[in-house]
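Source file query_20.txt; content: compact mmCIF, C-alpha atoms and all ligand atoms.
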```
# COMPACT_ATOMS: atom_id res chain seq x y z
CA MET A 22 148.25 129.60 136.95
CA ALA A 23 149.58 127.08 139.37
CA ALA A 24 149.99 128.01 143.01
CA ALA A 25 152.90 126.91 145.10
CA CYS A 26 151.97 124.17 147.52
CA GLY A 27 150.55 125.86 150.57
CA GLU A 28 147.40 126.38 152.49
CA TYR A 29 144.32 125.68 150.47
CA SER A 30 142.53 128.93 149.81
CA ASP A 31 138.79 128.95 149.59
CA ALA A 32 138.27 129.94 145.94
CA GLY A 33 135.51 132.45 145.95
CA MET A 34 133.49 133.27 142.88
CA SER A 35 135.09 136.62 142.17
CA GLY A 36 137.31 135.03 139.50
CA LYS A 37 140.39 136.37 141.31
CA ASN A 38 141.44 133.30 143.25
CA VAL A 39 144.21 130.92 142.44
CA THR A 40 143.55 127.53 140.91
CA GLU A 41 146.30 125.07 141.69
CA VAL A 42 147.20 122.35 139.15
CA VAL A 43 148.86 119.15 140.35
CA LEU A 44 149.67 115.82 138.72
CA ALA A 45 147.23 113.06 139.61
CA ASP A 46 149.88 111.01 141.44
CA ALA A 47 149.52 109.73 145.03
CA ASP A 48 150.46 113.14 146.52
CA GLY A 49 148.12 115.03 144.18
CA ILE A 50 145.23 112.69 144.94
CA ALA A 51 145.85 113.00 148.69
CA ARG A 52 145.83 116.80 148.37
CA ALA A 53 142.58 116.65 146.39
CA ALA A 54 141.05 114.51 149.15
CA ARG A 55 142.00 117.11 151.81
CA ILE A 56 140.53 119.98 149.79
CA LEU A 57 137.30 118.04 149.19
CA GLU A 58 137.14 117.10 152.88
CA SER A 59 137.18 120.77 153.83
CA GLY A 60 134.41 121.61 151.36
CA GLY A 61 136.46 122.81 148.35
CA THR A 62 136.17 122.13 144.61
CA VAL A 63 138.51 119.93 142.56
CA ALA A 64 138.48 119.15 138.83
CA VAL A 65 139.12 115.43 138.42
CA PRO A 66 139.83 113.20 135.43
CA THR A 67 137.29 110.46 134.69
CA GLU A 68 137.09 108.03 131.77
CA THR A 69 134.55 110.34 130.07
CA VAL A 70 135.39 114.05 130.61
CA TYR A 71 136.89 116.03 133.53
CA GLY A 72 134.39 116.50 136.34
CA LEU A 73 134.15 119.36 138.86
CA ALA A 74 133.88 117.56 142.19
CA ALA A 75 132.73 118.63 145.65
CA ARG A 76 131.49 116.56 148.57
CA ALA A 77 127.86 115.68 147.85
CA ASP A 78 126.80 115.70 151.51
CA ARG A 79 127.40 119.40 152.26
CA ASP A 80 125.25 122.28 151.02
CA ASP A 81 128.09 124.82 151.04
CA ALA A 82 130.38 122.54 149.02
CA VAL A 83 127.73 121.75 146.39
CA ALA A 84 126.81 125.45 146.15
CA LYS A 85 130.39 126.14 145.00
CA ILE A 86 129.93 123.85 141.99
CA TYR A 87 126.83 125.75 140.86
CA ALA A 88 128.55 129.11 141.44
CA ALA A 89 131.82 128.18 139.66
CA LYS A 90 129.96 126.81 136.63
CA GLY A 91 127.20 129.42 136.58
CA ARG A 92 124.89 126.42 136.42
CA PRO A 93 121.14 126.95 136.81
CA ASP A 94 120.07 125.50 140.15
CA PHE A 95 117.26 123.44 138.60
CA ASN A 96 119.82 121.18 136.85
CA PRO A 97 120.70 118.25 139.16
CA LEU A 98 124.17 116.73 139.59
CA ILE A 99 125.49 113.19 139.22
CA VAL A 100 126.67 111.63 142.49
CA HIS A 101 129.88 109.60 142.13
CA VAL A 102 130.32 106.60 144.40
CA ARG A 103 132.92 103.88 144.94
CA ASP A 104 130.58 101.01 144.18
CA ALA A 105 127.00 99.71 144.25
CA GLU A 106 127.16 99.23 148.01
CA GLN A 107 127.85 102.92 148.61
CA ALA A 108 125.17 103.81 146.03
CA ALA A 109 122.61 101.86 148.06
CA ARG A 110 122.92 104.44 150.87
CA TYR A 111 121.38 107.08 148.61
CA ALA A 112 118.97 105.19 146.38
CA GLN A 113 116.05 102.86 146.68
CA TRP A 114 118.15 100.21 145.08
CA SER A 115 115.76 97.80 143.45
CA GLU A 116 116.69 94.56 141.66
CA PRO A 117 116.46 95.98 138.11
CA ALA A 118 118.74 98.88 139.04
CA GLY A 119 121.29 96.62 140.66
CA ASN A 120 121.24 94.33 137.64
CA ALA A 121 121.68 97.20 135.26
CA VAL A 122 124.91 98.44 136.80
CA MET A 123 126.36 95.05 137.69
CA ASP A 124 128.31 94.45 134.47
CA VAL A 125 129.15 98.06 133.73
CA TRP A 126 130.34 99.58 137.02
CA PRO A 127 132.85 100.92 137.51
CA GLY A 128 132.32 102.59 134.15
CA PRO A 129 130.66 105.30 132.08
CA LEU A 130 127.05 104.51 133.05
CA THR A 131 124.94 106.83 135.22
CA ILE A 132 121.78 105.38 136.65
CA VAL A 133 118.79 107.48 137.75
CA VAL A 134 116.68 105.83 140.44
CA PRO A 135 114.30 106.96 143.22
CA ALA A 136 116.28 108.66 146.00
CA LYS A 137 116.14 107.25 149.50
CA ALA A 138 114.07 109.41 151.86
CA ARG A 139 116.41 111.45 154.11
CA ALA A 140 119.50 110.35 152.15
CA PRO A 141 122.45 112.37 153.48
CA LEU A 142 122.88 114.49 150.33
CA ALA A 143 122.90 118.26 149.91
CA LYS A 144 119.46 119.37 148.71
CA ALA A 145 120.84 121.05 145.59
CA VAL A 146 122.31 117.76 144.32
CA THR A 147 118.93 116.45 143.22
CA ALA A 148 117.50 119.92 142.50
CA GLY A 149 114.22 118.96 144.14
CA LEU A 150 113.66 115.79 142.08
CA GLU A 151 112.63 112.56 143.80
CA THR A 152 115.30 110.70 141.86
CA VAL A 153 119.07 110.64 142.22
CA ALA A 154 121.69 110.09 139.49
CA LEU A 155 124.52 107.74 140.54
CA ARG A 156 127.70 106.59 138.87
CA SER A 157 130.79 104.64 139.88
CA PRO A 158 133.52 105.92 137.55
CA GLY A 159 136.18 103.50 136.28
CA HIS A 160 139.10 105.94 136.03
CA PRO A 161 141.84 104.81 138.46
CA VAL A 162 142.30 108.36 139.79
CA MET A 163 138.61 108.67 140.67
CA GLN A 164 138.60 105.19 142.16
CA GLU A 165 141.56 106.06 144.37
CA LEU A 166 140.05 109.40 145.39
CA LEU A 167 136.67 107.86 146.24
CA GLY A 168 138.53 105.27 148.32
CA LEU A 169 140.26 108.00 150.36
CA VAL A 170 137.16 109.97 151.35
CA ASP A 171 134.10 108.84 153.28
CA PHE A 172 131.53 110.82 151.28
CA PRO A 173 130.36 110.65 147.65
CA LEU A 174 131.32 113.32 145.12
CA ALA A 175 128.86 115.46 143.20
CA ALA A 176 130.53 116.18 139.86
CA PRO A 177 129.14 117.71 136.68
CA SER A 178 131.51 118.39 133.78
CA ALA A 179 134.27 120.87 134.68
CA ASN A 180 133.29 123.74 132.38
CA ARG A 181 131.21 126.91 132.54
CA SER A 182 127.56 125.94 132.14
CA GLY A 183 126.56 125.50 128.50
CA PHE A 184 130.17 125.58 127.19
CA ILE A 185 132.26 122.76 125.65
CA SER A 186 133.12 119.91 128.04
CA PRO A 187 136.79 119.42 129.05
CA THR A 188 138.88 116.41 128.08
CA THR A 189 142.23 117.85 129.30
CA ALA A 190 143.37 119.86 132.33
CA GLU A 191 144.02 122.82 129.97
CA HIS A 192 140.38 122.74 128.83
CA VAL A 193 139.31 122.96 132.49
CA LEU A 194 141.45 126.07 133.00
CA THR A 195 140.01 127.65 129.83
CA SER A 196 136.72 128.17 131.61
CA LEU A 197 137.29 127.66 135.35
CA ASP A 198 140.74 129.11 136.12
CA GLY A 199 140.47 131.17 139.31
CA ARG A 200 136.99 129.80 140.08
CA ILE A 201 137.94 126.43 141.59
CA ASP A 202 140.57 125.26 144.07
CA LEU A 203 142.47 122.52 142.27
CA VAL A 204 142.83 120.65 138.99
CA LEU A 205 144.11 117.08 139.21
CA ASP A 206 145.89 116.58 135.90
CA GLY A 207 145.53 112.96 134.82
CA GLY A 208 146.17 113.55 131.09
CA PRO A 209 143.55 113.42 128.32
CA THR A 210 140.38 111.47 129.05
CA GLN A 211 139.60 108.35 127.02
CA ALA A 212 135.93 108.06 126.10
CA GLY A 213 135.58 111.77 125.41
CA VAL A 214 131.81 112.10 125.81
CA GLU A 215 129.79 112.12 129.03
CA SER A 216 128.38 108.96 130.58
CA SER A 217 125.29 107.25 129.24
CA ILE A 218 122.34 108.05 131.53
CA LEU A 219 119.79 105.31 132.17
CA ALA A 220 116.67 105.82 134.27
CA VAL A 221 115.32 102.68 135.95
CA ARG A 222 111.69 103.43 136.81
CA ALA A 223 109.80 102.18 139.85
CA ASP A 224 108.10 99.54 137.64
CA GLY A 225 111.53 98.36 136.42
CA ALA A 226 111.27 99.96 132.96
CA TRP A 227 114.49 101.28 131.40
CA GLU A 228 114.68 104.68 129.72
CA GLU A 229 117.67 106.35 128.08
CA LEU A 230 118.06 109.96 129.25
CA ARG A 231 121.37 110.64 127.50
CA PRO A 232 123.33 108.57 124.94
CA GLY A 233 126.98 107.97 125.86
CA PRO A 234 129.83 105.45 125.70
CA ILE A 235 127.64 102.52 126.83
CA ASP A 236 125.32 101.40 124.04
CA LEU A 237 122.11 100.99 126.08
CA ASP A 238 120.19 99.49 123.16
CA ALA A 239 122.74 96.69 122.80
CA PHE A 240 122.91 96.27 126.59
CA HIS A 241 119.11 95.95 126.92
CA ASN A 242 119.04 93.61 123.94
CA GLU A 243 121.62 91.31 125.55
CA ARG A 244 119.56 91.06 128.71
CA PHE A 245 115.99 91.14 127.47
CA GLY A 246 116.16 90.35 123.75
CA THR A 247 114.82 93.75 122.63
CA GLY A 248 116.24 97.24 122.17
CA LEU A 249 115.53 99.96 124.73
CA PRO A 250 111.82 100.58 125.10
CA ALA A 251 112.06 104.36 125.69
CA ARG A 252 114.26 107.41 125.25
CA ILE A 253 113.95 110.91 126.51
CA GLY A 254 112.42 113.12 123.84
CA SER A 255 109.46 110.85 123.58
CA ARG A 256 108.25 112.43 126.84
CA SER A 257 108.54 115.73 128.65
CA ILE A 258 112.01 116.71 129.83
CA GLU A 259 112.42 115.95 133.52
CA ALA A 260 116.05 116.96 133.83
CA PRO A 261 117.06 120.21 132.20
CA GLY A 262 120.56 118.88 131.43
CA GLN A 263 118.86 117.83 128.23
CA LEU A 264 118.45 121.51 127.23
CA ALA A 265 118.62 122.19 123.49
CA SER A 266 121.70 124.41 123.61
CA HIS A 267 124.73 122.95 125.39
CA TYR A 268 128.40 122.29 124.58
CA ALA A 269 128.31 125.65 122.74
CA PRO A 270 131.58 126.83 121.14
CA GLY A 271 130.39 130.46 121.01
CA LYS A 272 130.07 130.68 117.22
CA PRO A 273 127.62 129.36 114.63
CA VAL A 274 127.93 125.63 113.85
CA ARG A 275 126.84 124.06 110.53
CA LEU A 276 126.25 120.29 110.65
CA HIS A 277 126.45 117.67 107.85
CA ALA A 278 129.01 119.75 105.90
CA ASP A 279 131.06 118.03 103.17
CA LYS A 280 133.52 120.91 102.98
CA ALA A 281 134.20 124.22 104.66
CA GLY A 282 133.20 127.63 103.32
CA PRO A 283 135.87 130.39 103.32
CA ASP A 284 135.08 131.62 106.85
CA GLU A 285 134.49 128.20 108.41
CA TYR A 286 136.74 126.08 110.64
CA MET A 287 136.18 122.51 109.41
CA ILE A 288 135.84 119.56 111.78
CA GLY A 289 136.28 116.49 109.59
CA PHE A 290 135.39 112.83 109.81
CA GLY A 291 136.56 109.98 107.56
CA ARG A 292 137.16 111.11 103.99
CA ALA A 293 135.84 114.61 104.71
CA ALA A 294 139.10 115.93 106.20
CA GLY A 295 139.13 119.09 108.31
CA ASP A 296 141.34 121.56 110.17
CA CYS A 297 140.79 119.10 113.01
CA THR A 298 139.66 115.59 112.01
CA LEU A 299 137.68 113.44 114.45
CA SER A 300 138.91 110.19 112.87
CA GLN A 301 140.51 109.78 109.46
CA THR A 302 139.69 106.09 109.45
CA GLY A 303 136.05 106.63 110.43
CA ASP A 304 136.54 105.07 113.88
CA LEU A 305 133.66 106.29 116.08
CA SER A 306 135.44 105.69 119.43
CA GLU A 307 138.39 107.75 118.26
CA ALA A 308 135.96 110.41 117.03
CA ALA A 309 134.25 110.57 120.45
CA SER A 310 137.58 110.92 122.25
CA ARG A 311 138.60 113.80 119.95
CA LEU A 312 135.21 115.55 119.74
CA TYR A 313 135.60 118.18 122.48
CA GLY A 314 139.30 118.75 121.66
CA CYS A 315 138.30 119.65 118.09
CA LEU A 316 135.46 121.87 119.34
CA HIS A 317 137.87 123.66 121.72
CA GLN A 318 140.28 124.27 118.80
CA ALA A 319 137.45 125.49 116.60
CA ALA A 320 136.29 127.85 119.37
CA ALA A 321 139.83 129.27 119.74
CA SER A 322 140.39 129.67 115.96
CA ASP A 323 140.20 133.09 114.23
CA LEU A 324 137.54 131.78 111.86
CA PRO A 325 134.06 133.01 112.84
CA ASN A 326 132.10 129.87 111.92
CA ILE A 327 132.38 126.10 112.29
CA ALA A 328 131.41 123.37 109.80
CA ILE A 329 131.23 119.72 110.85
CA ALA A 330 131.25 116.63 108.63
CA PRO A 331 128.46 114.06 109.07
CA VAL A 332 129.06 111.29 111.63
CA PRO A 333 127.17 107.96 111.38
CA ASP A 334 124.35 107.75 113.92
CA GLU A 335 125.20 104.35 115.35
CA GLY A 336 126.81 103.11 118.59
CA ILE A 337 128.75 105.96 120.22
CA GLY A 338 128.03 107.99 117.05
CA ARG A 339 124.57 108.62 118.59
CA ALA A 340 126.25 110.29 121.57
CA ILE A 341 128.47 112.35 119.24
CA ASN A 342 125.46 113.51 117.20
CA ASP A 343 123.48 114.32 120.36
CA ARG A 344 126.33 116.64 121.50
CA LEU A 345 126.76 118.14 118.00
CA ARG A 346 123.05 118.96 117.69
CA ARG A 347 123.21 120.83 121.01
CA ALA A 348 126.50 122.54 120.04
CA ALA A 349 124.73 123.78 116.88
CA ALA A 350 121.48 124.85 118.57
CA PRO A 351 121.01 128.61 118.92
CA VAL A 352 121.69 129.89 122.47
CA ASP A 353 118.54 131.56 123.82
P1 LIG B 401 126.66 117.10 133.50
O1 LIG B 401 126.14 118.41 133.95
O2 LIG B 401 127.38 117.21 132.19
O3 LIG B 401 127.42 116.35 134.52
O4 LIG B 401 125.39 116.21 133.22
C1 LIG B 401 124.63 115.68 134.29
C2 LIG B 401 123.36 115.18 133.70
O5 LIG B 401 122.69 114.33 134.62
C3 LIG B 401 122.42 116.29 133.34
O6 LIG B 401 121.83 115.99 132.10
C4 LIG B 401 121.40 116.22 134.47
O7 LIG B 401 120.18 116.81 134.11
C5 LIG B 401 121.33 114.70 134.67
N1 LIG B 401 120.78 114.32 135.97
C6 LIG B 401 121.32 114.48 137.17
N2 LIG B 401 120.48 114.05 138.14
C7 LIG B 401 119.36 113.60 137.53
C8 LIG B 401 118.12 113.04 137.96
N3 LIG B 401 117.86 112.86 139.26
N4 LIG B 401 117.21 112.70 137.04
C9 LIG B 401 117.50 112.87 135.72
N5 LIG B 401 118.64 113.39 135.24
C10 LIG B 401 119.56 113.76 136.12
MG MG B 402 128.12 119.19 131.31
```

Give the structure from the file, written as C-alpha cells.
Amino acid sequence: MAAACGEYSDAGMSGKNVTEVVLADADGIARAARILESGGTVAVPTETVYGLAARADRDDAVAKIYAAKGRPDFNPLIVHVRDAEQAARYAQWSEPAGNAVMDVWPGPLTIVVPAKARAPLAKAVTAGLETVALRSPGHPVMQELLGLVDFPLAAPSANRSGFISPTTAEHVLTSLDGRIDLVLDGGPTQAGVESSILAVRADGAWEELRPGPIDLDAFHNERFGTGLPARIGSRSIEAPGQLASHYAPGKPVRLHADKAGPDEYMIGFGRAAGDCTLSQTGDLSEAASRLYGCLHQAAASDLPNIAIAPVPDEGIGRAINDRLRRAAAPVD
C-alpha cells in the first residue's frame, strides 16, 4: 500500500502504519535520506538482497529495525559505509583488513574486525560483541544514498526474522508492509544471496563466517597461495546469524530431490526441472539470483511441501547450499 507523498509518519510496530513505496530515482533516494536522517526505516536495494536500513548511530533508529523484523537482540547488524575511509571510523582497521577489502569494495563482502573503542554506533548494532561487521555495498542506489547522509546505515535483510530474504520490493512488502516507513524500489537484486562474511582476526588470520557471492577460498588463494584456513562451524558460533533455521518458507523442505512427490512444489536446477527452476543451464550465478524468488513462490503455492533439486557445492553454489540447509532445518 503506497502512501501519497506527504509527511513521513513514524511507523510504529503495531502493523497498522503505512509503508510508502517509491522508485529509486533521485527524488526517491532524497526522500529516503530525509527519512533516515530523522530516525526512520527504509528498505533499500543492494547488489545482494534488499536491506532494511536505519542510521547506525542512533539507538532509537536501530531499535526500529529489531522491532520491525522481530529480530532477537543478540544478533548483530552489518554497518554499511561509503568506503574504507568511513569504515576506519568504526573499526580498528589493521593492514590485513584493509588489504582484504581493497579489491572487492564496493561489493558483496562484509568484513568483521575489532570495533574501535567508543565508536559512535548504537549499542544494539554490535549486540555486545567487541567486533563490528562492515560493508561498502556496490549498488548505485546504496552508493548514492550513503553519499547523501553523514552517518553509516545498519541494514540486515528486509524480511521478518527467520523468513526468506527479499530480492524484490514486493518480497519486502510480503513481510514488512505497515512495519517500516519506506521501500525504495530499485528492481530485482542481482547476486541474490547475502554478502560473504569474512572475519579478520587480531593476528591477521582470515575466517569465513558466511559463504556468499565472493569466493573467499579463491580470493585467499590469489593472495596467499592457499585456500581459506578456517570457516565457522569448525568453532563455536559467535554470531547467532548462523542459526540452523533461517530463510524458512514456512513448510517442510526436502533437499537433493530428483523429482517432486504429489504434494510437493518442485524447485529445479539443470536437468531436474521444477515449478520454478533456478537455472535450466546449470549456471550457479543465475541460480543464486533466482533462489529467494523461487522460495517465495514455493511459500505462496497451495502445495504443502517443497522439494529442491541438488545444486553443486562449488563457488556460489556453497552459498546456495548454506541457505538451503537452513531453509530445510526444522524451526525450533
Ligand atoms: P543479515 O541479518 O541477513 O543482514 O545477516 C547479518 C549477518 O552478519 C548475521 O549473520 C550476523 O550474525 C552477522 N554479523 C553482524 N555483526 C557481526 C559481528 N560483529 N561478528 C560476527 N558476525 C556478525
Ligand atoms: Mg537475513

### Task
Could you report the residues within 8 Å of ligand LIG 401 (chain B), using only C-alpha atoms and all ligand atoms, as an NGL selection string?
:A and (72 or 96-100 or 131 or 133-135 or 146-148 or 150-155 or 176-178 or 182 or 186 or 215 or 218 or 220 or 230-231 or 259-263)

### Task
Could you jot down the CA of Pro161 (chain A) to CA of Pro66 (chain A) separation for me, Å, one decimal place?
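For CA of Pro161 (chain A) relative to CA of Pro66 (chain A), the distance reads 9.1 Å.
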
#### Entry: Residues within 10 Å of Cys315 (chain A), all atoms listed in the file, excluding chain neighbours under 5 positions, as a PyMOL selection string
chain A and resi 286-289+295-299+308+310+320-321

### Task
Dig up all the protein and nucleic acid residues within 10 Å of (133.7, 109.1, 111.7) in the file frame, using only C-alpha atoms, and format them as a list in words.
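With a cut-off of 10 Å, the residues come to Gly289, Phe290, Gly291, Arg292, Ala293, Thr298, Leu299, Ser300, Gln301, Thr302, Gly303, Asp304, Leu305, Ser306, Glu307, Ala308, Ala309, Ala330, Pro331, Val332, Pro333, Asp334, Gly338 and Ile341 of chain A.
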
### Query
So how many Å separate CA of Asp343 (chain A) and CA of Leu312 (chain A), to one decimal?
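Distance between the two atoms: 11.8 Å.
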
### Message
Report, in Å with one decimal, the straight-line distance from CA of Ala294 (chain A) to CA of Phe184 (chain A).
### Response
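These two atoms are separated by 24.8 Å.
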
### Query
List as a list in words: which residues have an atom within 6 Å of (129.7, 127.4, 114.8), counting only C-alpha atoms?
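The distance filter leaves exactly Lys272, Pro273, Val274, Asn326 and Ile327 of chain A.
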